[in-house]
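Have a look at final28.cif below; it lists mmCIF, C-alpha atoms and all ligand atoms.
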```
data_entry
loop_
_atom_site.group_PDB
_atom_site.id
_atom_site.type_symbol
_atom_site.label_atom_id
_atom_site.label_comp_id
_atom_site.auth_asym_id
_atom_site.auth_seq_id
_atom_site.Cartn_x
_atom_site.Cartn_y
_atom_site.Cartn_z
ATOM 1 C CA MET M 229 119.448 116.657 78.517
ATOM 2 C CA ASP M 230 116.626 117.536 80.878
ATOM 3 C CA GLY M 231 118.899 118.231 83.835
ATOM 4 C CA ARG M 232 118.252 114.842 85.429
ATOM 5 C CA GLY M 233 120.913 112.866 83.642
ATOM 6 C CA SER M 234 118.575 111.507 80.956
ATOM 7 C CA ALA M 235 118.027 112.823 77.461
ATOM 8 C CA SER M 236 114.395 113.644 76.699
ATOM 9 C CA VAL M 237 113.063 111.608 73.774
ATOM 10 C CA ASN M 238 109.775 113.465 73.523
ATOM 11 C CA ARG M 239 107.759 110.461 74.700
ATOM 12 C CA LEU M 240 104.754 112.765 75.235
ATOM 13 C CA LYS M 241 104.988 114.849 72.074
ATOM 14 C CA ASN M 242 101.591 116.147 70.849
ATOM 15 C CA LYS M 243 99.950 115.145 74.152
ATOM 16 C CA ILE M 244 97.859 117.556 76.191
ATOM 17 C CA ALA M 245 98.163 116.759 79.896
ATOM 18 C CA LEU M 246 96.596 117.980 83.119
ATOM 19 C CA VAL M 247 98.216 117.319 86.513
ATOM 20 C CA THR M 248 96.390 118.039 89.777
ATOM 21 C CA GLY M 249 98.239 119.098 92.932
ATOM 22 C CA ALA M 250 101.095 120.187 90.672
ATOM 23 C CA SER M 251 102.458 123.149 92.653
ATOM 24 C CA ARG M 252 104.925 121.072 94.670
ATOM 25 C CA GLY M 253 106.108 117.565 95.516
ATOM 26 C CA ILE M 254 105.300 114.642 93.238
ATOM 27 C CA GLY M 255 102.836 116.646 91.088
ATOM 28 C CA ALA M 256 105.469 119.292 90.371
ATOM 29 C CA ALA M 257 107.994 116.594 89.419
ATOM 30 C CA ILE M 258 105.462 114.980 87.066
ATOM 31 C CA ALA M 259 104.634 118.343 85.449
ATOM 32 C CA ARG M 260 108.337 119.103 84.977
ATOM 33 C CA LEU M 261 109.049 115.741 83.315
ATOM 34 C CA TYR M 262 105.902 115.962 81.185
ATOM 35 C CA VAL M 263 107.031 119.322 79.806
ATOM 36 C CA SER M 264 110.536 118.009 79.174
ATOM 37 C CA GLU M 265 109.006 115.003 77.347
ATOM 38 C CA GLY M 266 107.090 117.325 75.018
ATOM 39 C CA ALA M 267 103.581 117.491 76.530
ATOM 40 C CA GLU M 268 101.563 120.669 76.641
ATOM 41 C CA THR M 269 100.927 120.564 80.375
ATOM 42 C CA ILE M 270 98.236 122.255 82.448
ATOM 43 C CA LEU M 271 99.310 122.457 86.082
ATOM 44 C CA THR M 272 96.480 122.769 88.609
ATOM 45 C CA ASP M 273 96.477 123.229 92.375
ATOM 46 C CA ILE M 274 95.001 125.315 95.188
ATOM 47 C CA ASP M 275 98.400 126.931 95.893
ATOM 48 C CA ASP M 276 98.261 129.436 93.028
ATOM 49 C CA GLY M 277 101.455 131.332 93.922
ATOM 50 C CA ALA M 278 103.669 128.238 93.822
ATOM 51 C CA GLY M 279 101.888 126.870 90.731
ATOM 52 C CA GLU M 280 102.259 130.095 88.769
ATOM 53 C CA ALA M 281 105.940 130.391 89.746
ATOM 54 C CA LEU M 282 106.589 126.834 88.550
ATOM 55 C CA VAL M 283 104.826 127.505 85.245
ATOM 56 C CA ARG M 284 107.061 130.560 84.662
ATOM 57 C CA ASP M 285 110.063 128.297 85.209
ATOM 58 C CA LEU M 286 108.751 125.559 82.887
ATOM 59 C CA GLY M 287 108.159 127.874 79.926
ATOM 60 C CA PRO M 288 105.509 128.196 77.205
ATOM 61 C CA SER M 289 104.404 124.535 77.156
ATOM 62 C CA ALA M 290 103.113 124.895 80.717
ATOM 63 C CA SER M 291 100.082 126.793 81.990
ATOM 64 C CA TYR M 292 98.384 127.112 85.364
ATOM 65 C CA LEU M 293 94.745 126.776 86.430
ATOM 66 C CA HIS M 294 93.279 126.968 89.931
ATOM 67 C CA LEU M 295 91.503 123.677 90.690
ATOM 68 C CA ASP M 296 90.346 122.388 94.053
ATOM 69 C CA VAL M 297 89.821 118.752 93.091
ATOM 70 C CA SER M 298 87.096 118.224 95.693
ATOM 71 C CA ASP M 299 84.835 120.868 94.112
ATOM 72 C CA GLU M 300 82.775 119.673 91.123
ATOM 73 C CA ASP M 301 82.057 123.242 89.974
ATOM 74 C CA GLN M 302 85.782 123.815 89.641
ATOM 75 C CA TRP M 303 86.153 120.632 87.554
ATOM 76 C CA LEU M 304 83.328 121.906 85.334
ATOM 77 C CA ALA M 305 85.125 125.237 84.897
ATOM 78 C CA ALA M 306 88.401 123.431 84.112
ATOM 79 C CA ALA M 307 86.618 121.217 81.572
ATOM 80 C CA ASP M 308 85.081 124.310 79.908
ATOM 81 C CA HIS M 309 88.511 125.952 79.820
ATOM 82 C CA ILE M 310 90.063 122.904 78.115
ATOM 83 C CA ALA M 311 87.132 122.427 75.714
ATOM 84 C CA ALA M 312 87.428 126.068 74.637
ATOM 85 C CA GLY M 313 91.244 125.901 74.421
ATOM 86 C CA PRO M 314 93.086 122.785 73.291
ATOM 87 C CA GLY M 315 89.730 120.996 72.835
ATOM 88 C CA ARG M 316 90.794 117.668 74.321
ATOM 89 C CA LEU M 317 92.882 115.986 76.987
ATOM 90 C CA ASP M 318 95.269 113.066 76.367
ATOM 91 C CA ILE M 319 96.672 112.543 79.881
ATOM 92 C CA LEU M 320 95.163 113.264 83.288
ATOM 93 C CA VAL M 321 97.208 112.710 86.436
ATOM 94 C CA ASN M 322 94.963 112.698 89.503
ATOM 95 C CA ASN M 323 97.762 113.451 91.946
ATOM 96 C CA ALA M 324 96.382 115.896 94.544
ATOM 97 C CA GLY M 325 96.075 114.281 97.944
ATOM 98 C CA ILE M 326 96.217 115.020 101.653
ATOM 99 C CA THR M 327 96.911 112.992 104.796
ATOM 100 C CA GLY M 328 94.638 115.249 106.869
ATOM 101 C CA PHE M 329 97.454 115.805 109.383
ATOM 102 C CA GLU M 330 97.867 119.451 108.372
ATOM 103 C CA GLU M 331 94.326 120.168 107.227
ATOM 104 C CA THR M 332 92.377 118.693 110.183
ATOM 105 C CA SER M 333 93.003 118.177 113.877
ATOM 106 C CA GLY M 334 92.079 114.486 113.899
ATOM 107 C CA PRO M 335 92.043 112.076 115.687
ATOM 108 C CA TYR M 336 92.986 109.715 112.867
ATOM 109 C CA ASP M 337 92.848 106.189 114.342
ATOM 110 C CA PRO M 338 89.914 103.801 113.695
ATOM 111 C CA GLU M 339 88.688 103.811 117.291
ATOM 112 C CA SER M 340 88.404 107.553 117.819
ATOM 113 C CA LEU M 341 88.373 109.033 114.331
ATOM 114 C CA ASP M 342 86.764 112.414 113.795
ATOM 115 C CA MET M 343 84.110 112.346 111.055
ATOM 116 C CA ALA M 344 84.829 115.867 109.779
ATOM 117 C CA SER M 345 88.463 114.861 109.287
ATOM 118 C CA TRP M 346 87.409 111.526 107.702
ATOM 119 C CA HIS M 347 85.114 113.307 105.211
ATOM 120 C CA MET M 348 87.649 115.964 104.327
ATOM 121 C CA VAL M 349 90.364 113.416 103.539
ATOM 122 C CA HIS M 350 87.945 111.397 101.403
ATOM 123 C CA SER M 351 86.615 114.493 99.654
ATOM 124 C CA VAL M 352 90.087 115.428 98.393
ATOM 125 C CA ASN M 353 91.650 111.993 97.895
ATOM 126 C CA LEU M 354 88.644 109.994 96.663
ATOM 127 C CA ASP M 355 86.010 112.476 95.433
ATOM 128 C CA GLY M 356 88.838 114.419 93.772
ATOM 129 C CA VAL M 357 89.943 111.357 91.807
ATOM 130 C CA ALA M 358 86.366 110.291 90.968
ATOM 131 C CA LEU M 359 85.542 113.784 89.670
ATOM 132 C CA GLY M 360 88.816 113.872 87.754
ATOM 133 C CA CYS M 361 87.943 110.582 86.058
ATOM 134 C CA LYS M 362 84.390 111.794 85.305
ATOM 135 C CA TYR M 363 85.485 114.996 83.564
ATOM 136 C CA GLY M 364 88.679 113.411 82.232
ATOM 137 C CA ILE M 365 86.698 110.768 80.318
ATOM 138 C CA ARG M 366 84.538 113.484 78.724
ATOM 139 C CA LEU M 367 87.584 115.491 77.666
ATOM 140 C CA MET M 368 89.466 112.423 76.434
ATOM 141 C CA LYS M 369 86.891 111.066 74.005
ATOM 142 C CA PRO M 370 88.372 113.077 71.078
ATOM 143 C CA SER M 371 91.866 111.758 71.896
ATOM 144 C CA PRO M 372 93.274 108.915 69.773
ATOM 145 C CA ALA M 373 95.124 107.451 72.811
ATOM 146 C CA ALA M 374 94.361 108.743 76.283
ATOM 147 C CA SER M 375 95.538 107.789 79.742
ATOM 148 C CA ILE M 376 94.356 108.512 83.286
ATOM 149 C CA VAL M 377 96.989 108.043 85.986
ATOM 150 C CA ASN M 378 95.673 107.942 89.542
ATOM 151 C CA ILE M 379 98.153 108.470 92.369
ATOM 152 C CA SER M 380 97.082 106.106 95.141
ATOM 153 C CA SER M 381 99.619 104.952 97.749
ATOM 154 C CA ARG M 382 101.204 102.021 99.497
ATOM 155 C CA SER M 383 98.566 102.979 102.068
ATOM 156 C CA GLY M 384 95.901 101.869 99.588
ATOM 157 C CA MET M 385 97.227 98.311 99.803
ATOM 158 C CA VAL M 386 97.925 97.851 103.521
ATOM 159 C CA GLY M 387 96.281 99.148 106.692
ATOM 160 C CA ILE M 388 97.648 102.306 108.339
ATOM 161 C CA PRO M 389 96.267 102.451 111.903
ATOM 162 C CA ALA M 390 97.475 106.005 112.518
ATOM 163 C CA ALA M 391 95.960 107.358 109.286
ATOM 164 C CA ALA M 392 92.763 105.363 108.757
ATOM 165 C CA ALA M 393 90.954 107.848 106.510
ATOM 166 C CA TYR M 394 94.023 108.305 104.313
ATOM 167 C CA ALA M 395 94.413 104.533 103.903
ATOM 168 C CA SER M 396 90.690 104.042 103.233
ATOM 169 C CA SER M 397 90.615 106.797 100.619
ATOM 170 C CA LYS M 398 93.702 105.469 98.846
ATOM 171 C CA ALA M 399 92.319 101.908 98.802
ATOM 172 C CA ALA M 400 89.172 103.272 97.167
ATOM 173 C CA VAL M 401 91.294 105.071 94.565
ATOM 174 C CA ARG M 402 92.999 101.769 93.760
ATOM 175 C CA ASN M 403 89.657 100.063 93.176
ATOM 176 C CA HIS M 404 87.971 102.951 91.347
ATOM 177 C CA THR M 405 90.883 102.948 88.922
ATOM 178 C CA LYS M 406 89.964 99.426 87.877
ATOM 179 C CA SER M 407 86.255 100.324 87.454
ATOM 180 C CA VAL M 408 87.248 103.254 85.238
ATOM 181 C CA ALA M 409 89.671 101.097 83.235
ATOM 182 C CA LEU M 410 87.026 98.413 82.561
ATOM 183 C CA TYR M 411 84.249 100.928 81.896
ATOM 184 C CA CYS M 412 86.323 102.732 79.276
ATOM 185 C CA ALA M 413 87.325 99.423 77.674
ATOM 186 C CA GLN M 414 83.669 98.257 77.605
ATOM 187 C CA GLN M 415 82.565 101.510 76.007
ATOM 188 C CA GLY M 416 85.282 101.219 73.369
ATOM 189 C CA TYR M 417 86.915 104.453 74.472
ATOM 190 C CA ALA M 418 90.623 104.828 73.736
ATOM 191 C CA ILE M 419 91.200 105.677 77.398
ATOM 192 C CA ARG M 420 93.377 103.637 79.768
ATOM 193 C CA CYS M 421 93.399 104.067 83.556
ATOM 194 C CA ASN M 422 96.068 102.859 85.980
ATOM 195 C CA SER M 423 97.181 103.554 89.543
ATOM 196 C CA ILE M 424 100.600 104.323 90.994
ATOM 197 C CA HIS M 425 101.347 103.354 94.599
ATOM 198 C CA PRO M 426 104.253 105.356 95.990
ATOM 199 C CA ALA M 427 105.666 105.077 99.505
ATOM 200 C CA ALA M 428 108.235 107.118 101.413
ATOM 201 C CA ILE M 429 108.902 109.770 98.768
ATOM 202 C CA LEU M 430 110.448 112.846 100.359
ATOM 203 C CA THR M 431 108.054 115.756 99.739
ATOM 204 C CA PRO M 432 106.420 118.406 101.970
ATOM 205 C CA ILE M 433 103.577 115.958 102.792
ATOM 206 C CA TRP M 434 106.005 114.281 105.224
ATOM 207 C CA GLU M 435 106.883 117.427 107.198
ATOM 208 C CA PRO M 436 104.176 117.114 109.922
ATOM 209 C CA MET M 437 105.449 113.568 110.588
ATOM 210 C CA LEU M 438 109.183 114.362 110.712
ATOM 211 C CA GLY M 439 109.654 117.088 113.313
ATOM 212 C CA GLU M 440 112.640 119.423 113.190
ATOM 213 C CA GLY M 441 116.411 119.470 113.706
ATOM 214 C CA ALA M 442 117.955 116.329 115.183
ATOM 215 C CA ALA M 443 114.538 114.670 115.580
ATOM 216 C CA ARG M 444 113.941 115.158 111.845
ATOM 217 C CA ALA M 445 117.287 113.575 110.946
ATOM 218 C CA ASP M 446 116.520 110.625 113.263
ATOM 219 C CA ALA M 447 113.024 110.209 111.793
ATOM 220 C CA LEU M 448 114.437 110.135 108.252
ATOM 221 C CA LYS M 449 117.060 107.564 109.298
ATOM 222 C CA THR M 450 114.413 105.348 110.917
ATOM 223 C CA LEU M 451 112.221 105.623 107.822
ATOM 224 C CA ALA M 452 115.100 104.678 105.505
ATOM 225 C CA ALA M 453 116.039 101.694 107.699
ATOM 226 C CA ASP M 454 112.647 100.084 106.940
ATOM 227 C CA ILE M 455 113.038 100.405 103.170
ATOM 228 C CA PRO M 456 114.633 97.377 101.441
ATOM 229 C CA LEU M 457 116.582 99.619 99.040
ATOM 230 C CA GLY M 458 117.908 101.495 102.093
ATOM 231 C CA HIS M 459 116.884 105.010 101.161
ATOM 232 C CA ILE M 460 113.894 107.288 100.798
ATOM 233 C CA GLY M 461 112.510 107.909 97.305
ATOM 234 C CA ASP M 462 112.643 111.002 95.149
ATOM 235 C CA PRO M 463 109.610 112.655 93.447
ATOM 236 C CA ASP M 464 111.210 111.856 90.073
ATOM 237 C CA ASP M 465 111.001 108.136 90.890
ATOM 238 C CA VAL M 466 107.221 108.524 90.722
ATOM 239 C CA ALA M 467 107.285 111.009 87.842
ATOM 240 C CA TRP M 468 109.041 108.529 85.523
ATOM 241 C CA ALA M 469 106.278 105.985 86.211
ATOM 242 C CA ALA M 470 103.716 108.656 85.313
ATOM 243 C CA VAL M 471 105.606 109.302 82.063
ATOM 244 C CA TYR M 472 105.465 105.588 81.182
ATOM 245 C CA LEU M 473 101.758 105.260 81.992
ATOM 246 C CA GLY M 474 100.911 108.484 80.158
ATOM 247 C CA ALA M 475 102.889 107.543 77.055
ATOM 248 C CA ASP M 476 101.848 105.251 74.204
ATOM 249 C CA GLU M 477 104.593 102.790 75.250
ATOM 250 C CA SER M 478 102.084 101.536 77.882
ATOM 251 C CA LYS M 479 99.263 101.122 75.310
ATOM 252 C CA TYR M 480 98.420 97.554 76.501
ATOM 253 C CA VAL M 481 98.352 98.494 80.199
ATOM 254 C CA THR M 482 95.042 99.308 81.875
ATOM 255 C CA GLY M 483 93.605 98.609 85.317
ATOM 256 C CA ALA M 484 97.135 97.958 86.573
ATOM 257 C CA GLU M 485 98.855 99.086 89.763
ATOM 258 C CA LEU M 486 102.508 100.046 89.943
ATOM 259 C CA THR M 487 104.303 100.238 93.298
ATOM 260 C CA ILE M 488 107.142 102.742 93.626
ATOM 261 C CA ASP M 489 108.284 101.983 97.159
ATOM 262 C CA GLY M 490 111.891 100.843 97.323
ATOM 263 C CA GLY M 491 110.639 97.279 97.825
ATOM 264 C CA ILE M 492 108.526 97.910 100.960
ATOM 265 C CA LEU M 493 105.553 95.879 99.721
ATOM 266 C CA ALA M 494 107.661 93.090 98.238
ATOM 267 C CA GLY M 495 108.001 91.174 101.487
ATOM 268 C CA SER M 496 106.870 90.740 105.044
ATOM 269 C CA SER M 497 108.625 91.247 108.373
ATOM 270 C CA ALA M 498 107.156 87.944 109.611
ATOM 271 C CA SER M 499 108.855 85.846 106.934
ATOM 272 C CA PRO M 500 110.655 82.628 107.945
ATOM 273 C CA THR M 501 114.443 82.526 108.386
ATOM 274 C CA ARG M 502 116.862 79.686 109.335
ATOM 275 C CA GLU M 503 118.338 81.553 112.334
HETATM 276 P P1 LIG Z 601 102.438 117.420 98.742
HETATM 277 O O1 LIG Z 601 101.687 117.754 99.968
HETATM 278 O O2 LIG Z 601 103.880 117.757 98.685
HETATM 279 O O3 LIG Z 601 101.720 118.040 97.462
HETATM 280 C C1 LIG Z 601 100.341 117.938 97.301
HETATM 281 C C2 LIG Z 601 99.844 119.119 96.502
HETATM 282 O O4 LIG Z 601 98.425 118.980 96.364
HETATM 283 C C3 LIG Z 601 100.086 120.460 97.205
HETATM 284 O O5 LIG Z 601 100.509 121.446 96.284
HETATM 285 C C4 LIG Z 601 98.726 120.790 97.768
HETATM 286 O O6 LIG Z 601 98.470 122.173 97.921
HETATM 287 C C5 LIG Z 601 97.819 120.220 96.708
HETATM 288 N N1 LIG Z 601 96.456 120.049 97.190
HETATM 289 C C6 LIG Z 601 96.005 119.796 98.453
HETATM 290 N N2 LIG Z 601 94.672 119.765 98.493
HETATM 291 C C7 LIG Z 601 94.246 120.014 97.222
HETATM 292 C C8 LIG Z 601 92.967 120.133 96.621
HETATM 293 N N3 LIG Z 601 91.829 120.006 97.343
HETATM 294 N N4 LIG Z 601 92.894 120.387 95.294
HETATM 295 C C9 LIG Z 601 94.018 120.533 94.574
HETATM 296 N N5 LIG Z 601 95.261 120.461 95.075
HETATM 297 C C10 LIG Z 601 95.370 120.193 96.394
HETATM 298 O O7 LIG Z 601 102.238 115.840 98.551
HETATM 299 P P2 LIG Z 601 103.034 114.757 97.672
HETATM 300 O O8 LIG Z 601 103.614 115.405 96.488
HETATM 301 O O9 LIG Z 601 103.874 113.954 98.554
HETATM 302 O O10 LIG Z 601 101.811 113.824 97.277
HETATM 303 C C11 LIG Z 601 101.232 113.774 95.982
HETATM 304 C C12 LIG Z 601 100.350 112.550 95.927
HETATM 305 O O11 LIG Z 601 101.120 111.383 96.170
HETATM 306 C C13 LIG Z 601 99.231 112.549 96.989
HETATM 307 O O12 LIG Z 601 98.061 112.000 96.444
HETATM 308 C C14 LIG Z 601 99.796 111.621 98.058
HETATM 309 O O13 LIG Z 601 98.794 111.030 98.834
HETATM 310 C C15 LIG Z 601 100.532 110.627 97.202
HETATM 311 N N6 LIG Z 601 101.538 109.861 97.926
HETATM 312 C C16 LIG Z 601 102.682 110.464 98.386
HETATM 313 C C17 LIG Z 601 103.626 109.725 99.063
HETATM 314 C C18 LIG Z 601 104.887 110.325 99.591
HETATM 315 O O14 LIG Z 601 105.655 109.572 100.246
HETATM 316 N N7 LIG Z 601 105.176 111.604 99.358
HETATM 317 C C19 LIG Z 601 103.441 108.288 99.291
HETATM 318 C C20 LIG Z 601 102.189 107.776 98.798
HETATM 319 C C21 LIG Z 601 101.296 108.536 98.113
HETATM 320 P P3 LIG Z 601 98.797 122.892 99.330
HETATM 321 O O15 LIG Z 601 100.272 122.932 99.419
HETATM 322 O O16 LIG Z 601 98.170 124.239 99.221
HETATM 323 O O17 LIG Z 601 98.151 122.028 100.383
#
```
Please lay out the structure from this file as structure tokens.
Amino acid sequence: MDGRGSASVNRLKNKIALVTGASRGIGAAIARLYVSEGAETILTDIDDGAGEALVRDLGPSASYLHLDVSDEDQWLAAADHIAAGPGRLDILVNNAGITGFEETSGPYDPESLDMASWHMVHSVNLDGVALGCKYGIRLMKPSPAASIVNISSRSGMVGIPAAAAYASSKAAVRNHTKSVALYCAQQGYAIRCNSIHPAAILTPIWEPMLGEGAARADALKTLAADIPLGHIGDPDDVAWAAVYLGADESKYVTGAELTIDGGILAGSSASPTRE
């Protein structure tokens, strides 16, 4: 058992995987499940202390590499490292992302947005994914069956007035995923590319929006009340989707988008009722 109530069946055996933003939150959950499913997993992040500690916990199938996804030179160095080591990549999870709420001072709405904040959010969320796909494709050509998994968001499918740059960047990730999927298919590369669209998954990214103490408990309750399944999601809910899309079980799936949102995007609050 992998400690999560499910026996590992080595779905990712013989796969070499790289996960960005893997030091905490959803990326850490994906890295943990990838290792338990048999993948040799390279965790990357800008938080080296947390990433290295997690790798020690995960054991010899995991390794850590510093990688700021917005910096092309760092992608080049990572690609050199992989080319000189395992020699290929089978799975790339472009997970690193920011809202901008912690990293910039805003404002974040469409009327008054700050361009430095706008560019920073896009440089991590969109440039980071585009660079990941660019170097991922190069590293995946020797793979017999490769998969790129881009973590977009519910915010890539609907407007978010209070986080316009975040929503814009995630919408672009959704679309770029499809360009990459079709390009790889056209070229005859054995590389698939799909996007995952999580919403309301409890990770540190939420902390600036939740407050503290009683206010935090109230904010979590309000958030859960808007979710059809009635509760906030867990990083493993997203990680299992990343296992499926990384594994050969999804070999006919490319250019697809998978929502992991407790049903949020399934309906509309303005739907008709008889009352
Ligand atoms: P977290 O903030 O918990 O984790 C993100 C990780 O990415 C952190 O370790 C962070 O490092 C790292 N990171 C930040 N900037 C960079 C960078 N430039 N290069 C490399 N790593 C970086 O977020 P989540 O786990 O919640 O989010 C993961 C992904 O899922 C993101 O793309 C997010 O947008 C997406 N998502 C999350 C949802 C949720 O409800 N949690 C919903 C929809 C989408 P550091 O700690 O040093 O900043």
- [ ] In Å, rounded to a single decimal, give me how far atom CA of M:Ile429 is from atom C12 of ligand LIG 601 (chain Z).
- [x]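 Atom-to-atom, atom C12 of ligand LIG 601 (chain Z) to atom CA of M:Ile429, that is 9.4 Å.
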Per residue of chain M within 7 Å of ligand LIG 601 (chain Z), record the nearest atom pair and its distance in Å to one decimal, counting all atoms listed in the file, with rows in chain order and ascending residue number, as CSV.
```
residue,atom,partner,partner_atom,distance
M:Thr248,CA,Z:LIG601,C9,5.9
M:Gly249,CA,Z:LIG601,O4,3.4
M:Ala250,CA,Z:LIG601,O5,5.8
M:Ser251,CA,Z:LIG601,O5,4.5
M:Arg252,CA,Z:LIG601,O5,4.7
M:Gly253,CA,Z:LIG601,O8,3.4
M:Ile254,CA,Z:LIG601,O8,3.7
M:Gly255,CA,Z:LIG601,O8,5.6
M:Thr272,CA,Z:LIG601,C9,6.8
M:Asp273,CA,Z:LIG601,N5,4.1
M:Ile274,CA,Z:LIG601,N5,4.9
M:Asp275,CA,Z:LIG601,O16,4.3
M:Leu295,CA,Z:LIG601,C9,5.6
M:Asp296,CA,Z:LIG601,N4,3.5
M:Val297,CA,Z:LIG601,N4,4.1
M:Ser298,CA,Z:LIG601,N3,5.3
M:Asn323,CA,Z:LIG601,O12,4.7
M:Ala324,CA,Z:LIG601,O4,4.1
M:Gly325,CA,Z:LIG601,O12,3.4
M:Ile326,CA,Z:LIG601,O13,5.5
M:Thr327,CA,Z:LIG601,O13,6.6
M:Val352,CA,Z:LIG601,N3,5.0
M:Asn353,CA,Z:LIG601,O12,6.6
M:Ile379,CA,Z:LIG601,O12,5.4
M:Ser380,CA,Z:LIG601,C21,5.7
M:Ser381,CA,Z:LIG601,C20,4.0
M:Arg382,CA,Z:LIG601,C20,5.9
M:Ser383,CA,Z:LIG601,C20,6.8
M:His425,CA,Z:LIG601,C20,6.2
M:Pro426,CA,Z:LIG601,C20,4.2
M:Ala427,CA,Z:LIG601,C19,3.9
M:Ala428,CA,Z:LIG601,O14,3.7
M:Ile429,CA,Z:LIG601,O14,3.6
M:Leu430,CA,Z:LIG601,N7,5.5
M:Thr431,CA,Z:LIG601,O9,4.7
M:Pro432,CA,Z:LIG601,O2,4.2
M:Ile433,CA,Z:LIG601,O1,3.8
M:Trp434,CA,Z:LIG601,N7,6.5
```
Task: Nearest candidate to M:Ala267 (options M:His350, M:Gly474, M:Lys398, M:Asp465; using all atoms listed in the file) - done: M:Gly474
Open item on the list: Please determine, counting all atoms listed in the file, which residue among M:Ala393, M:Ala256, M:Ala469, M:Ala475 has the shortest atom-to-atom distance to M:Ala278.
Closed with: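 Checking each of M:Ala393, M:Ala256, M:Ala469, M:Ala475 against M:Ala278, counting all atoms listed in the file, the winner is M:Ala256.
The shortest atom-to-atom distance to M:Cys412, with only C-alpha atoms taken into account, belongs to M:Cys361 out of M:Leu448, M:Ala453, M:Ser397, M:Cys361.
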